[in-house]
file run.pdb (PDB, C-alpha atoms, pLDDT in the B column)
ATOM      1  CA  MET Z   1      19.558  16.381 -32.066  1.00 62.00           C
ATOM      2  CA  LYS Z   2      20.386  13.594 -34.521  1.00 66.00           C
ATOM      3  CA  LYS Z   3      18.527  15.335 -37.372  1.00 74.00           C
ATOM      4  CA  ARG Z   4      20.442  18.566 -36.682  1.00 70.00           C
ATOM      5  CA  VAL Z   5      23.726  16.662 -36.804  1.00 70.00           C
ATOM      6  CA  GLU Z   6      22.707  15.175 -40.151  1.00 77.00           C
ATOM      7  CA  ARG Z   7      22.007  18.735 -41.417  1.00 78.00           C
ATOM      8  CA  ASP Z   8      25.376  19.912 -40.018  1.00 75.00           C
ATOM      9  CA  GLU Z   9      23.625  22.215 -37.535  1.00 73.00           C
ATOM     10  CA  ASP Z  10      25.496  21.178 -34.408  1.00 68.00           C
ATOM     11  CA  GLY Z  11      28.374  23.631 -34.489  1.00 73.00           C
ATOM     12  CA  TYR Z  12      27.453  25.772 -31.495  1.00 77.00           C
ATOM     13  CA  LEU Z  13      27.063  23.230 -28.705  1.00 81.00           C
ATOM     14  CA  PHE Z  14      28.800  23.479 -25.348  1.00 84.00           C
ATOM     15  CA  PHE Z  15      28.446  20.592 -22.930  1.00 86.00           C
ATOM     16  CA  ILE Z  16      28.374  21.688 -19.289  1.00 87.00           C
ATOM     17  CA  ASN Z  17      28.262  18.020 -18.301  1.00 87.00           C
ATOM     18  CA  LYS Z  18      26.737  14.771 -19.611  1.00 86.00           C
ATOM     19  CA  LYS Z  19      23.213  15.970 -18.802  1.00 89.00           C
ATOM     20  CA  ARG Z  20      23.415  19.666 -19.674  1.00 88.00           C
ATOM     21  CA  CYS Z  21      24.228  21.269 -23.010  1.00 84.00           C
ATOM     22  CA  ILE Z  22      24.097  24.901 -24.119  1.00 84.00           C
ATOM     23  CA  ASP Z  23      22.860  25.192 -27.704  1.00 83.00           C
ATOM     24  CA  ALA Z  24      23.681  28.524 -29.362  1.00 82.00           C
ATOM     25  CA  TRP Z  25      22.637  27.534 -32.900  1.00 83.00           C
ATOM     26  CA  ASN Z  26      19.668  29.932 -33.037  1.00 83.00           C
ATOM     27  CA  THR Z  27      21.255  32.749 -30.998  1.00 83.00           C
ATOM     28  CA  PRO Z  28      23.515  34.795 -33.300  1.00 80.00           C
ATOM     29  CA  GLN Z  29      23.186  37.745 -30.893  1.00 85.00           C
ATOM     30  CA  HIS Z  30      25.428  35.897 -28.423  1.00 81.00           C
ATOM     31  CA  LYS Z  31      28.917  36.690 -29.684  1.00 81.00           C
ATOM     32  CA  ALA Z  32      30.620  34.029 -27.537  1.00 83.00           C
ATOM     33  CA  ARG Z  33      29.521  31.463 -30.111  1.00 81.00           C
ATOM     34  CA  PHE Z  34      32.076  32.944 -32.518  1.00 85.00           C
ATOM     35  CA  ALA Z  35      35.120  32.253 -30.304  1.00 91.00           C
ATOM     36  CA  ASN Z  36      37.665  30.000 -31.998  1.00 92.00           C
ATOM     37  CA  ASP Z  37      40.459  27.740 -30.785  1.00 94.00           C
ATOM     38  CA  ALA Z  38      44.009  28.844 -31.587  1.00 94.00           C
ATOM     39  CA  ALA Z  39      45.032  25.168 -31.658  1.00 89.00           C
ATOM     40  CA  GLY Z  40      42.596  24.419 -34.473  1.00 86.00           C
ATOM     41  CA  LEU Z  41      43.358  21.953 -37.232  1.00 86.00           C
ATOM     42  CA  GLY Z  42      46.236  24.048 -38.514  1.00 83.00           C
ATOM     43  CA  ARG Z  43      48.260  25.928 -35.946  1.00 82.00           C
ATOM     44  CA  VAL Z  44      49.563  29.423 -36.606  1.00 88.00           C
ATOM     45  CA  LYS Z  45      52.931  30.140 -35.005  1.00 90.00           C
ATOM     46  CA  GLY Z  46      52.598  32.547 -32.086  1.00 90.00           C
ATOM     47  CA  LEU Z  47      48.798  32.320 -31.926  1.00 93.00           C
ATOM     48  CA  THR Z  48      47.520  31.198 -28.526  1.00 94.00           C
ATOM     49  CA  ASN Z  49      44.206  31.039 -26.715  1.00 96.00           C
ATOM     50  CA  ASN Z  50      43.552  34.308 -24.922  1.00 97.00           C
ATOM     51  CA  CYS Z  51      40.467  33.200 -22.965  1.00 97.00           C
ATOM     52  CA  ASN Z  52      39.154  30.364 -20.785  1.00 96.00           C
ATOM     53  CA  TYR Z  53      35.735  28.847 -20.290  1.00 95.00           C
ATOM     54  CA  GLU Z  54      34.338  29.339 -16.799  1.00 95.00           C
ATOM     55  CA  ILE Z  55      31.317  27.282 -15.813  1.00 93.00           C
ATOM     56  CA  GLU Z  56      28.979  28.527 -13.110  1.00 93.00           C
ATOM     57  CA  ASP Z  57      26.026  26.255 -12.349  1.00 91.00           C
ATOM     58  CA  ASP Z  58      24.273  25.729 -15.717  1.00 87.00           C
ATOM     59  CA  ARG Z  59      25.949  28.660 -17.452  1.00 90.00           C
ATOM     60  CA  CYS Z  60      29.250  29.098 -19.253  1.00 91.00           C
ATOM     61  CA  PHE Z  61      31.256  32.272 -19.671  1.00 93.00           C
ATOM     62  CA  ILE Z  62      34.281  33.057 -21.798  1.00 94.00           C
ATOM     63  CA  VAL Z  63      36.725  35.030 -19.660  1.00 96.00           C
ATOM     64  CA  ALA Z  64      39.800  36.828 -20.989  1.00 96.00           C
ATOM     65  CA  LYS Z  65      43.202  35.733 -19.661  1.00 97.00           C
ATOM     66  CA  LYS Z  66      44.645  39.116 -20.678  1.00 95.00           C
ATOM     67  CA  ASP Z  67      43.499  42.399 -22.174  1.00 96.00           C
ATOM     68  CA  ILE Z  68      42.055  41.902 -25.663  1.00 94.00           C
ATOM     69  CA  ALA Z  69      42.240  44.787 -28.099  1.00 94.00           C
ATOM     70  CA  ALA Z  70      39.161  45.926 -30.031  1.00 93.00           C
ATOM     71  CA  GLY Z  71      38.900  43.842 -33.185  1.00 91.00           C
ATOM     72  CA  GLU Z  72      41.208  41.112 -31.863  1.00 92.00           C
ATOM     73  CA  GLU Z  73      39.882  37.570 -32.223  1.00 93.00           C
ATOM     74  CA  ILE Z  74      38.775  35.620 -29.154  1.00 95.00           C
ATOM     75  CA  PHE Z  75      40.392  32.196 -28.772  1.00 96.00           C
ATOM     76  CA  VAL Z  76      39.437  29.527 -26.248  1.00 96.00           C
ATOM     77  CA  ASN Z  77      40.403  25.849 -25.850  1.00 94.00           C
ATOM     78  CA  TYR Z  78      37.861  23.520 -27.494  1.00 91.00           C
ATOM     79  CA  THR Z  79      39.581  20.513 -25.821  1.00 89.00           C
ATOM     80  CA  LYS Z  80      41.530  17.594 -27.242  1.00 89.00           C
ATOM     81  CA  GLU Z  81      38.344  15.486 -27.385  1.00 87.00           C
ATOM     82  CA  TYR Z  82      36.697  18.023 -29.679  1.00 86.00           C
ATOM     83  CA  TRP Z  83      39.616  18.024 -32.139  1.00 89.00           C
ATOM     84  CA  ASP Z  84      39.887  14.223 -32.006  1.00 90.00           C
ATOM     85  CA  CYS Z  85      36.210  14.050 -33.010  1.00 85.00           C
ATOM     86  CA  VAL Z  86      36.701  16.570 -35.827  1.00 85.00           C
ATOM     87  CA  ARG Z  87      39.695  14.638 -37.177  1.00 89.00           C
ATOM     88  CA  TYR Z  88      37.718  11.387 -37.001  1.00 89.00           C
ATOM     89  CA  ASN Z  89      34.789  12.943 -38.894  1.00 83.00           C
ATOM     90  CA  ILE Z  90      37.158  14.284 -41.551  1.00 87.00           C
ATOM     91  CA  SER Z  91      38.715  10.839 -41.990  1.00 89.00           C
ATOM     92  CA  ILE Z  92      35.248   9.264 -42.399  1.00 86.00           C
ATOM     93  CA  ALA Z  93      34.276  11.902 -44.982  1.00 81.00           C
ATOM     94  CA  GLU Z  94      37.525  11.326 -46.880  1.00 83.00           C
ATOM     95  CA  GLU Z  95      36.906   7.564 -46.898  1.00 81.00           C
ATOM     96  CA  GLU Z  96      33.365   8.103 -48.187  1.00 76.00           C
ATOM     97  CA  ASN Z  97      34.618  10.483 -50.899  1.00 73.00           C
ATOM     98  CA  ASN Z  98      37.299   7.992 -51.949  1.00 68.00           C
ATOM     99  CA  PHE Z  99      34.687   5.230 -52.099  1.00 56.00           C
ATOM    100  CA  ILE Z 100      32.371   7.391 -54.235  1.00 54.00           C
ATOM    101  CA  ALA Z 101      35.231   8.401 -56.562  1.00 52.00           C
ATOM    102  CA  PHE Z 102      36.290   4.744 -56.891  1.00 48.00           C
ATOM    103  CA  ARG Z 103      32.708   3.641 -57.579  1.00 48.00           C
ATOM    104  CA  PHE Z 104      32.339   6.041 -60.531  1.00 46.00           C
ATOM    105  CA  ARG Z 105      35.596   5.204 -62.307  1.00 45.00           C
TER
END
call {"tool": "encode", "arguments": {"input": "run.pdb", "output": "structure tokens"}}
result
Amino acid sequence: MKKRVERDEDGYLFFINKKRCIDAWNTPQHKARFANDAAGLGRVKGLTNNCNYEIEDDRCFIVAKKDIAAGEEIFVNYTKEYWDCVRYNISIAEEENNFIAFRFR
């Protein structure tokens, strides 16, 4: 897993619990991996999550909270912890970029 993280290939992981993880990296046929979070890093006014995750044993489903029109995007909550981690990683990358830019002046 660590090598995949280093190659930025960890974007389609869903943790059922601390011991079970669904990895959809090599399964582009499963469209649920393309669901986004309306909260995201930059919120769009009026855009809300229209689905929920439902976990059943070792499986996870994305279930609509309302009717979703053909072509409409699927949005589901990634959780606060996910976005905290993303923000932390961005801050680390920005610090590294600032250090590199400073080093080459």
call {"tool": "resolve_selection", "arguments": {"input": "run.pdb", "expression": "the PyMOL selection byres ((chain Z and resi 36) around 6)", "output": "VMD selection string"}}
result
chain Z and resid 35 37 75
call {"tool": "residues_around", "arguments": {"input": "run.pdb", "residues": "Tyr78 (chain Z)", "least_positions_apart": "5", "cutoff": "12 Å", "atoms": "all atoms listed in the file", "output": "tab-separated table (two decimals) with C-alpha atoms, keeping the file's coordinate frame"}}
result
chain	number	residue	atom	x	y	z
Z	11	GLY	CA	28.37	23.63	-34.49
Z	12	TYR	CA	27.45	25.77	-31.50
Z	13	LEU	CA	27.06	23.23	-28.70
Z	14	PHE	CA	28.80	23.48	-25.35
Z	15	PHE	CA	28.45	20.59	-22.93
Z	33	ARG	CA	29.52	31.46	-30.11
Z	35	ALA	CA	35.12	32.25	-30.30
Z	36	ASN	CA	37.66	30.00	-32.00
Z	37	ASP	CA	40.46	27.74	-30.78
Z	38	ALA	CA	44.01	28.84	-31.59
Z	39	ALA	CA	45.03	25.17	-31.66
Z	40	GLY	CA	42.60	24.42	-34.47
Z	41	LEU	CA	43.36	21.95	-37.23
Z	49	ASN	CA	44.21	31.04	-26.72
Z	51	CYS	CA	40.47	33.20	-22.96
Z	52	ASN	CA	39.15	30.36	-20.78
Z	53	TYR	CA	35.74	28.85	-20.29
Z	62	ILE	CA	34.28	33.06	-21.80
Z	83	TRP	CA	39.62	18.02	-32.14
Z	84	ASP	CA	39.89	14.22	-32.01
Z	85	CYS	CA	36.21	14.05	-33.01
Z	86	VAL	CA	36.70	16.57	-35.83
call {"tool": "resolve_selection", "arguments": {"input": "run.pdb", "expression": "the PyMOL selection byres ((chain Z and resi 21) around 12)", "output": "PDB file with C-alpha atoms, keeping the file's coordinate frame"}}
result
ATOM      1  CA  MET Z   1      19.558  16.381 -32.066  1.00 62.00           C
ATOM      2  CA  ASP Z  10      25.496  21.178 -34.408  1.00 68.00           C
ATOM      3  CA  TYR Z  12      27.453  25.772 -31.495  1.00 77.00           C
ATOM      4  CA  LEU Z  13      27.063  23.230 -28.705  1.00 81.00           C
ATOM      5  CA  PHE Z  14      28.800  23.479 -25.348  1.00 84.00           C
ATOM      6  CA  PHE Z  15      28.446  20.592 -22.930  1.00 86.00           C
ATOM      7  CA  ILE Z  16      28.374  21.688 -19.289  1.00 87.00           C
ATOM      8  CA  ASN Z  17      28.262  18.020 -18.301  1.00 87.00           C
ATOM      9  CA  LYS Z  18      26.737  14.771 -19.611  1.00 86.00           C
ATOM     10  CA  LYS Z  19      23.213  15.970 -18.802  1.00 89.00           C
ATOM     11  CA  ARG Z  20      23.415  19.666 -19.674  1.00 88.00           C
ATOM     12  CA  ILE Z  22      24.097  24.901 -24.119  1.00 84.00           C
ATOM     13  CA  ASP Z  23      22.860  25.192 -27.704  1.00 83.00           C
ATOM     14  CA  ALA Z  24      23.681  28.524 -29.362  1.00 82.00           C
ATOM     15  CA  TRP Z  25      22.637  27.534 -32.900  1.00 83.00           C
ATOM     16  CA  ILE Z  55      31.317  27.282 -15.813  1.00 93.00           C
ATOM     17  CA  ASP Z  57      26.026  26.255 -12.349  1.00 91.00           C
ATOM     18  CA  ASP Z  58      24.273  25.729 -15.717  1.00 87.00           C
ATOM     19  CA  ARG Z  59      25.949  28.660 -17.452  1.00 90.00           C
ATOM     20  CA  CYS Z  60      29.250  29.098 -19.253  1.00 91.00           C
TER      21      CYS Z  60
END
call {"tool": "atom_distance", "arguments": {"input": "run.pdb", "atom1": "CA of Val5 (chain Z)", "atom2": "CA of Asn89 (chain Z)"}}
result
11.9 Å
call {"tool": "closest_residue", "arguments": {"input": "run.pdb", "among": "Z:Glu94, Z:Glu81, Z:Glu73, Z:Asn26", "to": "Leu47 (chain Z)", "atoms": "all atoms listed in the file"}}
result
Z:Glu73
call {"tool": "atom_distance", "arguments": {"input": "run.pdb", "atom1": "CA of Asp8 (chain Z)", "atom2": "CA of Val63 (chain Z)"}}
result
27.8 Å
call {"tool": "build_atoms", "arguments": {"input": "run.pdb", "residues": "region 64-100 of chain Z", "atoms": "N, CA and C atoms", "output": "PDB file, in the frame of the given file"}}
result
ATOM      1  N   ALA Z  64      38.483  36.494 -20.442  1.00 96.00           N
ATOM      2  CA  ALA Z  64      39.800  36.828 -20.989  1.00 96.00           C
ATOM      3  C   ALA Z  64      40.901  36.527 -19.980  1.00 96.00           C
ATOM      4  N   LYS Z  65      42.017  35.969 -20.487  1.00 97.00           N
ATOM      5  CA  LYS Z  65      43.202  35.733 -19.661  1.00 97.00           C
ATOM      6  C   LYS Z  65      44.094  36.972 -19.628  1.00 97.00           C
ATOM      7  N   LYS Z  66      43.857  37.891 -20.564  1.00 95.00           N
ATOM      8  CA  LYS Z  66      44.645  39.116 -20.678  1.00 95.00           C
ATOM      9  C   LYS Z  66      43.765  40.153 -21.375  1.00 95.00           C
ATOM     10  N   ASP Z  67      44.233  41.370 -21.445  1.00 96.00           N
ATOM     11  CA  ASP Z  67      43.499  42.399 -22.174  1.00 96.00           C
ATOM     12  C   ASP Z  67      43.433  42.019 -23.650  1.00 96.00           C
ATOM     13  N   ILE Z  68      42.264  42.212 -24.246  1.00 94.00           N
ATOM     14  CA  ILE Z  68      42.055  41.902 -25.663  1.00 94.00           C
ATOM     15  C   ILE Z  68      41.691  43.204 -26.367  1.00 94.00           C
ATOM     16  N   ALA Z  69      42.460  43.539 -27.371  1.00 94.00           N
ATOM     17  CA  ALA Z  69      42.240  44.787 -28.099  1.00 94.00           C
ATOM     18  C   ALA Z  69      40.960  44.707 -28.932  1.00 94.00           C
ATOM     19  N   ALA Z  70      40.348  45.858 -29.165  1.00 93.00           N
ATOM     20  CA  ALA Z  70      39.161  45.926 -30.031  1.00 93.00           C
ATOM     21  C   ALA Z  70      39.515  45.345 -31.391  1.00 93.00           C
ATOM     22  N   GLY Z  71      38.683  44.459 -31.891  1.00 91.00           N
ATOM     23  CA  GLY Z  71      38.900  43.842 -33.185  1.00 91.00           C
ATOM     24  C   GLY Z  71      39.751  42.585 -33.140  1.00 91.00           C
ATOM     25  N   GLU Z  72      40.389  42.313 -31.997  1.00 92.00           N
ATOM     26  CA  GLU Z  72      41.208  41.112 -31.863  1.00 92.00           C
ATOM     27  C   GLU Z  72      40.301  39.893 -31.702  1.00 92.00           C
ATOM     28  N   GLU Z  73      40.697  38.786 -32.286  1.00 93.00           N
ATOM     29  CA  GLU Z  73      39.882  37.570 -32.223  1.00 93.00           C
ATOM     30  C   GLU Z  73      39.955  36.937 -30.833  1.00 93.00           C
ATOM     31  N   ILE Z  74      38.854  36.316 -30.441  1.00 95.00           N
ATOM     32  CA  ILE Z  74      38.775  35.620 -29.154  1.00 95.00           C
ATOM     33  C   ILE Z  74      39.044  34.145 -29.397  1.00 95.00           C
ATOM     34  N   PHE Z  75      40.009  33.599 -28.643  1.00 96.00           N
ATOM     35  CA  PHE Z  75      40.392  32.196 -28.772  1.00 96.00           C
ATOM     36  C   PHE Z  75      40.245  31.497 -27.427  1.00 96.00           C
ATOM     37  N   VAL Z  76      39.651  30.316 -27.461  1.00 96.00           N
ATOM     38  CA  VAL Z  76      39.437  29.527 -26.248  1.00 96.00           C
ATOM     39  C   VAL Z  76      39.633  28.051 -26.579  1.00 96.00           C
ATOM     40  N   ASN Z  77      40.100  27.269 -25.634  1.00 94.00           N
ATOM     41  CA  ASN Z  77      40.403  25.849 -25.850  1.00 94.00           C
ATOM     42  C   ASN Z  77      39.126  25.030 -26.054  1.00 94.00           C
ATOM     43  N   TYR Z  78      39.009  24.390 -27.219  1.00 91.00           N
ATOM     44  CA  TYR Z  78      37.861  23.520 -27.494  1.00 91.00           C
ATOM     45  C   TYR Z  78      38.029  22.131 -26.873  1.00 91.00           C
ATOM     46  N   THR Z  79      39.173  21.787 -26.438  1.00 89.00           N
ATOM     47  CA  THR Z  79      39.581  20.513 -25.821  1.00 89.00           C
ATOM     48  C   THR Z  79      40.094  19.522 -26.863  1.00 89.00           C
ATOM     49  N   LYS Z  80      40.952  18.646 -26.402  1.00 89.00           N
ATOM     50  CA  LYS Z  80      41.530  17.594 -27.242  1.00 89.00           C
ATOM     51  C   LYS Z  80      40.427  16.685 -27.783  1.00 89.00           C
ATOM     52  N   GLU Z  81      39.441  16.370 -26.956  1.00 87.00           N
ATOM     53  CA  GLU Z  81      38.344  15.486 -27.385  1.00 87.00           C
ATOM     54  C   GLU Z  81      37.592  16.070 -28.575  1.00 87.00           C
ATOM     55  N   TYR Z  82      37.380  17.369 -28.562  1.00 86.00           N
ATOM     56  CA  TYR Z  82      36.697  18.023 -29.679  1.00 86.00           C
ATOM     57  C   TYR Z  82      37.486  17.829 -30.969  1.00 86.00           C
ATOM     58  N   TRP Z  83      38.796  18.119 -30.934  1.00 89.00           N
ATOM     59  CA  TRP Z  83      39.616  18.024 -32.139  1.00 89.00           C
ATOM     60  C   TRP Z  83      39.793  16.582 -32.577  1.00 89.00           C
ATOM     61  N   ASP Z  84      39.843  15.643 -31.631  1.00 90.00           N
ATOM     62  CA  ASP Z  84      39.887  14.223 -32.006  1.00 90.00           C
ATOM     63  C   ASP Z  84      38.637  13.842 -32.785  1.00 90.00           C
ATOM     64  N   CYS Z  85      37.482  14.335 -32.334  1.00 85.00           N
ATOM     65  CA  CYS Z  85      36.210  14.050 -33.010  1.00 85.00           C
ATOM     66  C   CYS Z  85      36.189  14.675 -34.405  1.00 85.00           C
ATOM     67  N   VAL Z  86      36.653  15.904 -34.526  1.00 85.00           N
ATOM     68  CA  VAL Z  86      36.701  16.570 -35.827  1.00 85.00           C
ATOM     69  C   VAL Z  86      37.597  15.795 -36.787  1.00 85.00           C
ATOM     70  N   ARG Z  87      38.774  15.402 -36.324  1.00 89.00           N
ATOM     71  CA  ARG Z  87      39.695  14.638 -37.177  1.00 89.00           C
ATOM     72  C   ARG Z  87      39.081  13.307 -37.598  1.00 89.00           C
ATOM     73  N   TYR Z  88      38.382  12.648 -36.676  1.00 89.00           N
ATOM     74  CA  TYR Z  88      37.718  11.387 -37.001  1.00 89.00           C
ATOM     75  C   TYR Z  88      36.654  11.615 -38.081  1.00 89.00           C
ATOM     76  N   ASN Z  89      35.842  12.647 -37.910  1.00 83.00           N
ATOM     77  CA  ASN Z  89      34.789  12.943 -38.894  1.00 83.00           C
ATOM     78  C   ASN Z  89      35.381  13.273 -40.261  1.00 83.00           C
ATOM     79  N   ILE Z  90      36.484  13.979 -40.281  1.00 87.00           N
ATOM     80  CA  ILE Z  90      37.158  14.284 -41.551  1.00 87.00           C
ATOM     81  C   ILE Z  90      37.641  13.001 -42.206  1.00 87.00           C
ATOM     82  N   SER Z  91      38.215  12.101 -41.415  1.00 89.00           N
ATOM     83  CA  SER Z  91      38.715  10.839 -41.990  1.00 89.00           C
ATOM     84  C   SER Z  91      37.566  10.011 -42.563  1.00 89.00           C
ATOM     85  N   ILE Z  92      36.420  10.004 -41.892  1.00 86.00           N
ATOM     86  CA  ILE Z  92      35.248   9.264 -42.399  1.00 86.00           C
ATOM     87  C   ILE Z  92      34.781   9.890 -43.712  1.00 86.00           C
ATOM     88  N   ALA Z  93      34.708  11.224 -43.755  1.00 81.00           N
ATOM     89  CA  ALA Z  93      34.276  11.902 -44.982  1.00 81.00           C
ATOM     90  C   ALA Z  93      35.241  11.622 -46.128  1.00 81.00           C
ATOM     91  N   GLU Z  94      36.541  11.616 -45.834  1.00 83.00           N
ATOM     92  CA  GLU Z  94      37.525  11.326 -46.880  1.00 83.00           C
ATOM     93  C   GLU Z  94      37.373   9.899 -47.383  1.00 83.00           C
ATOM     94  N   GLU Z  95      37.122   8.955 -46.485  1.00 81.00           N
ATOM     95  CA  GLU Z  95      36.906   7.564 -46.898  1.00 81.00           C
ATOM     96  C   GLU Z  95      35.678   7.452 -47.774  1.00 81.00           C
ATOM     97  N   GLU Z  96      34.592   8.138 -47.391  1.00 76.00           N
ATOM     98  CA  GLU Z  96      33.365   8.103 -48.187  1.00 76.00           C
ATOM     99  C   GLU Z  96      33.603   8.725 -49.558  1.00 76.00           C
ATOM    100  N   ASN Z  97      34.321   9.832 -49.610  1.00 73.00           N
ATOM    101  CA  ASN Z  97      34.618  10.483 -50.899  1.00 73.00           C
ATOM    102  C   ASN Z  97      35.483   9.590 -51.767  1.00 73.00           C
ATOM    103  N   ASN Z  98      36.456   8.918 -51.184  1.00 68.00           N
ATOM    104  CA  ASN Z  98      37.299   7.992 -51.949  1.00 68.00           C
ATOM    105  C   ASN Z  98      36.479   6.831 -52.476  1.00 68.00           C
ATOM    106  N   PHE Z  99      35.541   6.340 -51.666  1.00 56.00           N
ATOM    107  CA  PHE Z  99      34.687   5.230 -52.099  1.00 56.00           C
ATOM    108  C   PHE Z  99      33.812   5.685 -53.271  1.00 56.00           C
ATOM    109  N   ILE Z 100      33.236   6.881 -53.168  1.00 54.00           N
ATOM    110  CA  ILE Z 100      32.371   7.391 -54.235  1.00 54.00           C
ATOM    111  C   ILE Z 100      33.181   7.596 -55.515  1.00 54.00           C
TER     112      ILE Z 100
END
